[in-house]
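Structure file protein.cif (mmCIF, C-alpha atoms (C1' of nucleotides)) follows.
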```
data_entry
#
loop_
_atom_site.label_atom_id
_atom_site.label_comp_id
_atom_site.auth_asym_id
_atom_site.auth_seq_id
_atom_site.Cartn_x
_atom_site.Cartn_y
_atom_site.Cartn_z
CA MET A 46 0.00 0.00 0.00
CA GLN A 47 1.69 3.19 -1.15
CA LYS A 48 0.79 6.65 0.04
CA ARG A 49 0.45 9.41 -2.50
CA LEU A 50 2.57 12.48 -2.22
CA ALA A 51 2.63 15.13 -4.87
CA HIS A 52 1.03 15.12 -8.28
CA LYS A 53 1.36 18.08 -10.55
CA ILE A 54 0.05 18.46 -14.06
CA LEU A 55 1.94 21.43 -15.37
CA LEU A 56 0.75 21.43 -18.97
CA LYS A 57 -2.20 19.10 -19.36
CA GLU A 58 -2.81 20.29 -22.92
CA PHE A 59 0.03 18.00 -23.90
CA LYS A 60 -2.04 14.92 -23.17
CA ASN A 61 -1.57 12.30 -25.88
CA ASP A 62 0.93 14.51 -27.64
CA PRO A 63 3.94 12.67 -29.08
CA GLY A 64 7.40 13.45 -27.84
CA LEU A 65 7.01 12.86 -24.13
CA VAL A 66 10.06 11.48 -22.35
CA ALA A 67 9.89 10.41 -18.73
CA GLY A 68 12.54 9.83 -16.11
CA ALA A 69 12.13 7.74 -12.97
CA ASP A 70 14.09 7.33 -9.79
CA VAL A 71 13.75 6.18 -6.18
CA ALA A 72 15.31 7.33 -2.92
CA TYR A 73 15.42 5.63 0.44
CA SER A 74 15.17 7.03 3.95
CA ARG A 75 16.81 4.64 6.40
CA ASN A 76 15.35 6.38 9.40
CA SER A 77 11.77 5.70 8.34
CA GLY A 78 12.46 2.74 6.08
CA THR A 79 10.58 4.64 3.40
CA LEU A 80 11.02 4.64 -0.36
CA PHE A 81 10.21 7.73 -2.42
CA ALA A 82 9.57 7.44 -6.14
CA ALA A 83 9.19 10.15 -8.74
CA ILE A 84 8.37 10.11 -12.42
CA LEU A 85 8.88 13.35 -14.31
CA ILE A 86 7.57 13.76 -17.82
CA PHE A 87 9.19 16.16 -20.26
CA LYS A 88 8.07 17.47 -23.62
CA PHE A 89 10.72 16.55 -26.15
CA PRO A 90 12.89 18.01 -27.60
CA MET A 91 12.68 21.30 -25.71
CA MET A 92 12.68 19.29 -22.52
CA LYS A 93 9.98 21.27 -20.80
CA LEU A 94 8.66 19.66 -17.62
CA VAL A 95 4.98 18.83 -18.15
CA GLU A 96 4.17 16.54 -15.24
CA LEU A 97 5.53 15.41 -11.91
CA SER A 98 4.13 12.34 -10.22
CA SER A 99 5.38 10.79 -7.01
CA ALA A 100 4.61 8.23 -4.36
CA ARG A 101 6.02 6.89 -1.15
CA GLY A 102 5.88 3.56 0.57
CA LYS A 103 7.61 1.34 3.09
CA ALA A 104 10.51 -0.73 1.73
CA GLU A 105 9.24 -4.31 1.87
CA PHE A 106 12.24 -5.93 0.24
CA PRO A 107 15.99 -5.49 0.80
CA TYR A 108 18.43 -4.40 -1.84
CA ILE A 109 19.98 -7.46 -3.43
CA PRO A 110 22.05 -7.09 -6.61
CA GLY A 111 19.95 -8.52 -9.43
CA LEU A 112 16.71 -8.20 -7.48
CA LEU A 113 16.40 -4.41 -7.34
CA SER A 114 12.98 -4.60 -9.01
CA PHE A 115 11.40 -6.36 -6.05
CA ARG A 116 12.37 -3.42 -3.89
CA GLU A 117 11.61 -0.45 -6.15
CA ILE A 118 8.89 -1.58 -8.55
CA PRO A 119 5.94 -1.24 -6.11
CA VAL A 120 6.46 2.43 -5.33
CA LEU A 121 7.42 3.18 -8.94
CA LEU A 122 4.18 1.60 -10.16
CA GLU A 123 2.21 3.70 -7.72
CA ALA A 124 3.85 6.86 -9.05
CA ALA A 125 3.24 5.72 -12.63
CA GLU A 126 -0.43 5.01 -12.00
CA ARG A 127 -0.81 8.49 -10.58
CA ALA A 128 0.48 10.07 -13.79
CA PHE A 129 -2.13 11.68 -16.00
CA LEU A 130 -0.01 11.94 -19.11
CA GLN A 131 1.18 8.94 -21.07
CA PRO A 132 4.90 9.25 -21.94
CA ASP A 133 6.27 7.70 -25.11
CA ILE A 134 9.24 6.28 -23.28
CA ILE A 135 10.65 6.19 -19.79
CA ILE A 136 14.27 6.20 -18.68
CA CYS A 137 15.06 4.45 -15.40
CA ASP A 138 17.96 4.73 -13.00
CA GLY A 139 19.11 1.13 -13.33
CA GLN A 140 19.68 -1.64 -15.83
CA GLY A 141 17.48 -2.73 -18.69
CA ILE A 142 18.42 -6.12 -20.17
CA ALA A 143 22.01 -5.83 -18.94
CA HIS A 144 20.92 -8.10 -16.14
CA PRO A 145 21.55 -11.72 -15.06
CA ARG A 146 18.01 -12.60 -16.10
CA ARG A 147 17.75 -10.01 -18.84
CA LEU A 148 15.13 -8.26 -16.71
CA GLY A 149 16.56 -5.27 -14.91
CA LEU A 150 14.47 -2.55 -13.27
CA ALA A 151 13.87 -0.68 -16.52
CA SER A 152 12.77 -3.82 -18.37
CA HIS A 153 10.53 -4.88 -15.53
CA LEU A 154 8.84 -1.49 -15.23
CA GLY A 155 8.37 -1.14 -18.99
CA LEU A 156 6.83 -4.59 -19.17
CA LEU A 157 4.37 -3.94 -16.36
CA LEU A 158 3.37 -0.58 -17.82
CA ASP A 159 3.56 -1.80 -21.42
CA LEU A 160 5.66 1.27 -22.05
CA PRO A 161 8.93 1.54 -23.99
CA SER A 162 11.73 1.84 -21.46
CA VAL A 163 15.47 2.42 -21.22
CA GLY A 164 17.91 1.56 -18.49
CA CYS A 165 20.52 4.17 -17.61
CA ALA A 166 22.65 3.01 -14.69
CA LYS A 167 25.60 4.72 -13.08
CA SER A 168 27.61 1.54 -12.72
CA ARG A 169 27.90 -2.02 -14.01
CA LEU A 170 25.91 -5.01 -12.88
CA VAL A 171 26.96 -7.62 -15.45
CA GLY A 172 28.86 -7.82 -18.71
CA GLU A 173 32.20 -6.75 -20.05
CA TYR A 174 33.07 -3.71 -22.11
CA GLY A 175 36.10 -2.09 -23.62
CA GLU A 176 37.50 1.40 -23.44
CA LEU A 177 35.53 4.12 -25.18
CA GLY A 178 36.45 7.46 -26.67
CA GLU A 179 36.46 10.56 -24.52
CA GLU A 180 34.23 12.57 -26.83
CA VAL A 181 30.63 13.05 -25.82
CA GLY A 182 28.58 10.45 -27.65
CA SER A 183 31.28 7.77 -27.65
CA THR A 184 30.02 4.29 -26.86
CA SER A 185 31.36 0.82 -26.22
CA LYS A 186 29.22 -2.27 -26.34
CA ILE A 187 28.53 -4.22 -23.14
CA VAL A 188 28.68 -7.96 -23.76
CA TYR A 189 27.25 -10.53 -21.39
CA LYS A 190 27.58 -14.25 -22.00
CA GLY A 191 28.50 -13.59 -25.61
CA LYS A 192 25.55 -11.34 -26.28
CA PRO A 193 25.41 -7.54 -26.61
CA VAL A 194 23.14 -6.26 -23.84
CA GLY A 195 23.92 -2.58 -23.75
CA ALA A 196 26.63 0.04 -24.02
CA VAL A 197 28.63 2.39 -21.89
CA VAL A 198 27.91 5.90 -23.14
CA ARG A 199 29.98 9.03 -22.67
CA THR A 200 27.54 11.81 -21.86
CA ARG A 201 30.18 14.27 -20.61
CA LYS A 202 33.85 14.75 -21.30
CA LYS A 203 36.23 13.53 -18.64
CA VAL A 204 33.39 11.93 -16.73
CA LYS A 205 32.59 8.28 -16.08
CA PRO A 206 30.20 6.97 -18.75
CA VAL A 207 26.66 5.78 -17.99
CA PHE A 208 25.54 2.18 -18.54
CA VAL A 209 22.74 2.12 -21.07
CA SER A 210 20.69 -0.91 -21.99
CA PRO A 211 17.36 -1.51 -23.74
CA GLY A 212 14.51 -1.88 -21.30
CA TYR A 213 11.35 -2.82 -23.11
CA LYS A 214 10.24 -2.38 -26.72
CA VAL A 215 13.37 -0.43 -27.68
CA ASP A 216 16.63 -1.56 -29.26
CA LEU A 217 20.14 -0.58 -28.22
CA LYS A 218 20.41 2.10 -30.89
CA GLY A 219 17.19 3.68 -29.71
CA ALA A 220 18.19 3.45 -26.07
CA ILE A 221 21.48 5.21 -26.69
CA ARG A 222 19.80 7.87 -28.83
CA VAL A 223 17.23 8.68 -26.17
CA VAL A 224 19.84 8.98 -23.46
CA LEU A 225 21.97 11.31 -25.54
CA ASP A 226 19.08 13.36 -26.92
CA ALA A 227 17.45 13.79 -23.52
CA GLY A 228 20.73 14.83 -21.96
CA ARG A 229 21.44 18.39 -20.99
CA GLY A 230 25.17 18.46 -20.59
CA TYR A 231 25.06 16.53 -17.35
CA ARG A 232 26.20 12.94 -16.94
CA ILE A 233 22.69 11.75 -16.17
CA PRO A 234 19.96 12.45 -18.76
CA GLU A 235 17.74 15.32 -17.64
CA PRO A 236 14.54 13.32 -16.94
CA VAL A 237 16.35 10.94 -14.60
CA ARG A 238 18.44 13.70 -13.11
CA GLN A 239 15.37 15.73 -12.25
CA ALA A 240 13.60 12.65 -10.89
CA HIS A 241 16.64 12.08 -8.70
CA LEU A 242 16.59 15.64 -7.38
CA THR A 243 12.88 15.29 -6.73
CA VAL A 244 12.99 12.10 -4.68
CA ASN A 245 15.84 13.40 -2.57
CA ARG A 246 13.91 16.62 -2.01
CA LEU A 247 10.90 14.58 -0.86
CA ARG A 248 13.08 12.48 1.42
CA LYS A 249 14.70 15.52 2.98
CA GLU A 250 11.46 17.31 3.74
CA GLU A 251 10.12 14.23 5.47
CA GLU A 252 13.25 13.76 7.53
CA ALA A 253 13.01 17.40 8.49
"C1'" DG B 196 35.61 -21.19 -0.95
"C1'" DC B 197 36.53 -16.42 -3.32
"C1'" DG B 198 35.28 -12.34 -5.73
"C1'" DA B 199 31.51 -9.48 -7.90
"C1'" DC B 200 27.62 -7.08 -6.93
"C1'" DA B 201 22.10 -1.69 -10.52
"C1'" DG B 202 20.24 1.12 -6.04
"C1'" DA C 242 21.35 3.88 -1.76
"C1'" DT C 243 22.97 6.69 2.59
"C1'" DC C 244 26.47 8.90 5.95
"C1'" DT C 245 28.96 14.08 4.98
"C1'" DT C 246 32.41 19.71 3.88
"C1'" DG C 247 35.34 21.40 1.76
"C1'" DT C 248 37.97 21.27 -2.09
"C1'" DC C 249 40.85 20.32 -6.42
"C1'" DG C 250 40.26 20.36 -11.36
"C1'" DC C 251 38.18 21.37 -15.99
#
```
Here is the file; what I need is its structure written in the form of structure tokens.
Amino acid sequence: MQKRLAHKILLKEFKNDPGLVAGADVAYSRNSGTLFAAILIFKFPMMKLVELSSARGKAEFPYIPGLLSFREIPVLLEAAERAFLQPDIIICDGQGIAHPRRLGLASHLGLLLDLPSVGCAKSRLVGEYGELGEEVGSTSKIVYKGKPVGAVVRTRKKVKPVFVSPGYKVDLKGAIRVVLDAGRGYRIPEPVRQAHLTVNRLRKEEEA
DNA sequence: GCGACAG
DNA sequence: ATCTTGTCGC
């Protein structure tokens, strides 16, 4: 049972309009054992925030590498169900198919919502990859058990690359393109970055 | 048994 | 992920 927090529809006239990119992230408050989830939807390509949806709930499952979905999916689903707008694709802070079971957080969420999804993690879970160029946009394929499952992508010069992998109903090319196109000069693509700032803001104000 | 290990 | 301030580098 998740409790609703904030839900803002900033530009509802964009309902059903194409070009909506969403970002999702979750934060955890140890003190209260609470998880905060936020899904922010942006109008592409100007990247104008059009909706912010969030939810909170008690963490019912521990963090176990490979089983992140069991911990974060419930609260993320609650936030997603609260959203009025229907994004065309959602970028998650975690892996897509670059996962032991080919079902990382992004894949799992996309499947449950029947929504195209992309995984954009800050570090590796599985797979091997080679060095990549230092220019923004450089990529290097991530191979797991002989199969390409994603790519490390340079979103900023002199900064550690992000780990991109297809989530659901998108291929690697598309996943990489979305991450780069939705970026705003920061390492993390804007939708996910803003979702991250949002959940931490929610966590802070509760701990306060 | 040892090392690896999204958030 | 979270605990935490200033600080060195581009």
For this session: Name the residues that the PyMOL selection byres ((chain B and resi 200) around 8) picks from the file above, as a PyMOL selection string, using the file's chain letters and numbers.
Result: (chain A and resi 110+170) or (chain B and resi 199)
For this session: Step by step, work through what the PyMOL selection byres ((chain A) within 9 of (chain C)) selects in the shown file, and finish by giving those residues as a ChimeraX atom specification.
Result: /A:72-75,108,203
For this session: Counting only C-alpha atoms (C1' of nucleotides), select every polymer residue within 12 Å of (3.8, 3.0, -24.6) as defined in the file's coordinates, and provide the selection as a PyMOL selection string.
Result: chain A and resi 61+63-67+130-135+154-162+213-215
Exercise. In Å, how far is it from CA of Val244 (chain A) to CA of Ile109 (chain A)?
Worked result: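 Interatomic distance, CA of Val244 (chain A) to CA of Ile109 (chain A): 20.8 Å.
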Per residue of chain A within 12 Å of chain B, which atom pair is closest and at what distance in Å (one decimal), using only C-alpha atoms (C1' of nucleotides), listed by chain and increasing number, as CSV?
```
residue,atom,partner,partner_atom,distance
A:Asp70,CA,B:DG202,C1',9.5
A:Val71,CA,B:DG202,C1',8.2
A:Ala72,CA,B:DG202,C1',8.5
A:Tyr73,CA,B:DG202,C1',9.3
A:Leu80,CA,B:DG202,C1',11.4
A:Pro107,CA,B:DG202,C1',10.4
A:Tyr108,CA,B:DG202,C1',7.2
A:Ile109,CA,B:DC200,C1',8.4
A:Pro110,CA,B:DC200,C1',5.6
A:Gly111,CA,B:DA201,C1',7.2
A:Leu112,CA,B:DA201,C1',9.0
A:Leu113,CA,B:DG202,C1',6.9
A:Ser114,CA,B:DA201,C1',9.7
A:Phe115,CA,B:DG202,C1',11.6
A:Arg116,CA,B:DG202,C1',9.3
A:Glu117,CA,B:DG202,C1',8.8
A:Ile118,CA,B:DG202,C1',11.9
A:Cys137,CA,B:DA201,C1',10.5
A:Asp138,CA,B:DA201,C1',8.0
A:Gly139,CA,B:DA201,C1',5.0
A:Gln140,CA,B:DA201,C1',5.8
A:Gly141,CA,B:DA201,C1',9.4
A:Ile142,CA,B:DA201,C1',11.2
A:Ala143,CA,B:DA201,C1',9.4
A:His144,CA,B:DA201,C1',8.6
A:Pro145,CA,B:DA201,C1',11.0
A:Leu148,CA,B:DA201,C1',11.4
A:Gly149,CA,B:DA201,C1',7.9
A:Leu150,CA,B:DA201,C1',8.2
A:Ala151,CA,B:DA201,C1',10.2
A:Gly164,CA,B:DA201,C1',9.6
A:Cys165,CA,B:DA201,C1',9.3
A:Ala166,CA,B:DA201,C1',6.3
A:Lys167,CA,B:DA201,C1',7.7
A:Ser168,CA,B:DA201,C1',6.8
A:Arg169,CA,B:DA201,C1',6.8
A:Leu170,CA,B:DA201,C1',5.6
A:Val171,CA,B:DC200,C1',8.6
A:Gly172,CA,B:DA199,C1',11.3
A:Val207,CA,B:DA201,C1',11.5
A:Phe208,CA,B:DA201,C1',9.5
A:Val209,CA,B:DA201,C1',11.2
A:Ser210,CA,B:DA201,C1',11.6
A:His241,CA,B:DG202,C1',11.8
```
Problem set entry | Computed interatomic separation between CA of Leu122 (chain A) and CA of Pro211 (chain A) (Å) |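 Atom-to-atom, CA of Leu122 (chain A) to CA of Pro211 (chain A), that is 19.2 Å.
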Problem set entry | Straight-line distance linking CA of Val194 (chain A) with CA of His153 (chain A), stated in Å to one decimal |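 So the two atoms, CA of Val194 (chain A) and CA of His153 (chain A), lie 15.2 Å apart.
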Using the file's own x, y and z axes, so that the box edges lie along x, y and z, what centre and edge lengths in Å (one decimal) does a box around every listed atom of chain B get when 6 Å is added on each side? Give it as lines of an AutoDock Vina configuration file.
```
center_x = 28.4
center_y = -10.0
center_z = -5.7
size_x = 28.3
size_y = 34.3
size_z = 21.6
```
Problem set entry | Explicit residues for the PyMOL selection byres ((chain A and resi 125) around 9) (as a list in words) |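 Applying the expression gives Ala83, Ile84, Ser98, Ser99, Ala100, Val120, Leu121, Leu122, Glu123, Ala124, Glu126, Arg127, Ala128, Phe129 and Leu158 of chain A.
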Given the block above, output chain C with N, CA and C atoms (P, O5', C5', C4', C3', O3' and C1' of nucleotides) as a PDB file, in the first residue's frame.
```pdb
ATOM      1  P    DA C 242      22.730   6.716  -5.676  1.00  0.00           P
ATOM      2  O5'  DA C 242      22.189   5.604  -4.705  1.00  0.00           O
ATOM      3  C5'  DA C 242      20.857   5.162  -4.853  1.00  0.00           C
ATOM      4  C4'  DA C 242      20.217   4.980  -3.497  1.00  0.00           C
ATOM      5  C3'  DA C 242      20.676   6.058  -2.516  1.00  0.00           C
ATOM      6  O3'  DA C 242      19.615   6.688  -1.815  1.00  0.00           O
ATOM      7  C1'  DA C 242      21.350   3.880  -1.756  1.00  0.00           C
ATOM      8  P    DT C 243      19.966   8.148  -1.266  1.00  0.00           P
ATOM      9  O5'  DT C 243      20.605   7.821   0.167  1.00  0.00           O
ATOM     10  C5'  DT C 243      19.914   6.977   1.062  1.00  0.00           C
ATOM     11  C4'  DT C 243      20.669   6.968   2.371  1.00  0.00           C
ATOM     12  C3'  DT C 243      21.289   8.330   2.707  1.00  0.00           C
ATOM     13  O3'  DT C 243      21.139   8.616   4.092  1.00  0.00           O
ATOM     14  C1'  DT C 243      22.975   6.687   2.585  1.00  0.00           C
ATOM     15  P    DC C 244      21.585  10.075   4.530  1.00  0.00           P
ATOM     16  O5'  DC C 244      22.955   9.790   5.295  1.00  0.00           O
ATOM     17  C5'  DC C 244      23.056   8.692   6.197  1.00  0.00           C
ATOM     18  C4'  DC C 244      24.360   8.815   6.961  1.00  0.00           C
ATOM     19  C3'  DC C 244      24.887  10.236   7.087  1.00  0.00           C
ATOM     20  O3'  DC C 244      25.498  10.429   8.367  1.00  0.00           O
ATOM     21  C1'  DC C 244      26.469   8.902   5.946  1.00  0.00           C
ATOM     22  P    DT C 245      25.614  11.809   9.000  1.00  0.00           P
ATOM     23  O5'  DT C 245      26.718  12.453   8.066  1.00  0.00           O
ATOM     24  C5'  DT C 245      26.509  13.647   7.321  1.00  0.00           C
ATOM     25  C4'  DT C 245      27.847  14.283   7.032  1.00  0.00           C
ATOM     26  C3'  DT C 245      27.746  15.609   6.286  1.00  0.00           C
ATOM     27  O3'  DT C 245      28.762  16.483   6.737  1.00  0.00           O
ATOM     28  C1'  DT C 245      28.960  14.078   4.976  1.00  0.00           C
ATOM     29  P    DT C 246      28.573  18.013   6.432  1.00  0.00           P
ATOM     30  O5'  DT C 246      29.989  18.472   5.889  1.00  0.00           O
ATOM     31  C5'  DT C 246      30.907  19.038   6.809  1.00  0.00           C
ATOM     32  C4'  DT C 246      31.779  20.067   6.114  1.00  0.00           C
ATOM     33  C3'  DT C 246      30.973  21.036   5.248  1.00  0.00           C
ATOM     34  O3'  DT C 246      31.540  22.349   5.350  1.00  0.00           O
ATOM     35  C1'  DT C 246      32.413  19.711   3.884  1.00  0.00           C
ATOM     36  P    DG C 247      31.634  23.336   4.137  1.00  0.00           P
ATOM     37  O5'  DG C 247      33.142  23.094   3.690  1.00  0.00           O
ATOM     38  C5'  DG C 247      34.084  22.671   4.670  1.00  0.00           C
ATOM     39  C4'  DG C 247      35.344  22.223   3.967  1.00  0.00           C
ATOM     40  C3'  DG C 247      35.962  23.285   3.064  1.00  0.00           C
ATOM     41  O3'  DG C 247      37.400  23.234   3.144  1.00  0.00           O
ATOM     42  C1'  DG C 247      35.340  21.396   1.762  1.00  0.00           C
ATOM     43  P    DT C 248      38.247  24.151   2.226  1.00  0.00           P
ATOM     44  O5'  DT C 248      38.458  23.214   0.971  1.00  0.00           O
ATOM     45  C5'  DT C 248      39.010  21.911   1.169  1.00  0.00           C
ATOM     46  C4'  DT C 248      39.314  21.285  -0.182  1.00  0.00           C
ATOM     47  C3'  DT C 248      39.912  22.258  -1.198  1.00  0.00           C
ATOM     48  O3'  DT C 248      40.924  21.586  -1.955  1.00  0.00           O
ATOM     49  C1'  DT C 248      37.966  21.270  -2.086  1.00  0.00           C
ATOM     50  P    DC C 249      42.252  22.419  -2.269  1.00  0.00           P
ATOM     51  O5'  DC C 249      42.771  21.706  -3.586  1.00  0.00           O
ATOM     52  C5'  DC C 249      42.942  20.281  -3.592  1.00  0.00           C
ATOM     53  C4'  DC C 249      42.623  19.744  -4.991  1.00  0.00           C
ATOM     54  C3'  DC C 249      43.168  20.625  -6.124  1.00  0.00           C
ATOM     55  O3'  DC C 249      43.757  19.804  -7.137  1.00  0.00           O
ATOM     56  C1'  DC C 249      40.854  20.318  -6.415  1.00  0.00           C
ATOM     57  P    DG C 250      44.401  20.471  -8.438  1.00  0.00           P
ATOM     58  O5'  DG C 250      43.289  20.175  -9.535  1.00  0.00           O
ATOM     59  C5'  DG C 250      42.960  18.818  -9.863  1.00  0.00           C
ATOM     60  C4'  DG C 250      41.977  18.805 -11.016  1.00  0.00           C
ATOM     61  C3'  DG C 250      42.377  19.715 -12.183  1.00  0.00           C
ATOM     62  O3'  DG C 250      42.051  19.077 -13.416  1.00  0.00           O
ATOM     63  C1'  DG C 250      40.257  20.357 -11.358  1.00  0.00           C
ATOM     64  P    DC C 251      42.618  19.784 -14.745  1.00  0.00           P
ATOM     65  O5'  DC C 251      41.295  19.981 -15.598  1.00  0.00           O
ATOM     66  C5'  DC C 251      40.493  18.853 -15.974  1.00  0.00           C
ATOM     67  C4'  DC C 251      39.189  19.335 -16.581  1.00  0.00           C
ATOM     68  C3'  DC C 251      39.354  20.332 -17.733  1.00  0.00           C
ATOM     69  O3'  DC C 251      38.310  20.165 -18.675  1.00  0.00           O
ATOM     70  C1'  DC C 251      38.183  21.369 -15.985  1.00  0.00           C
TER      71       DC C 251
END
```
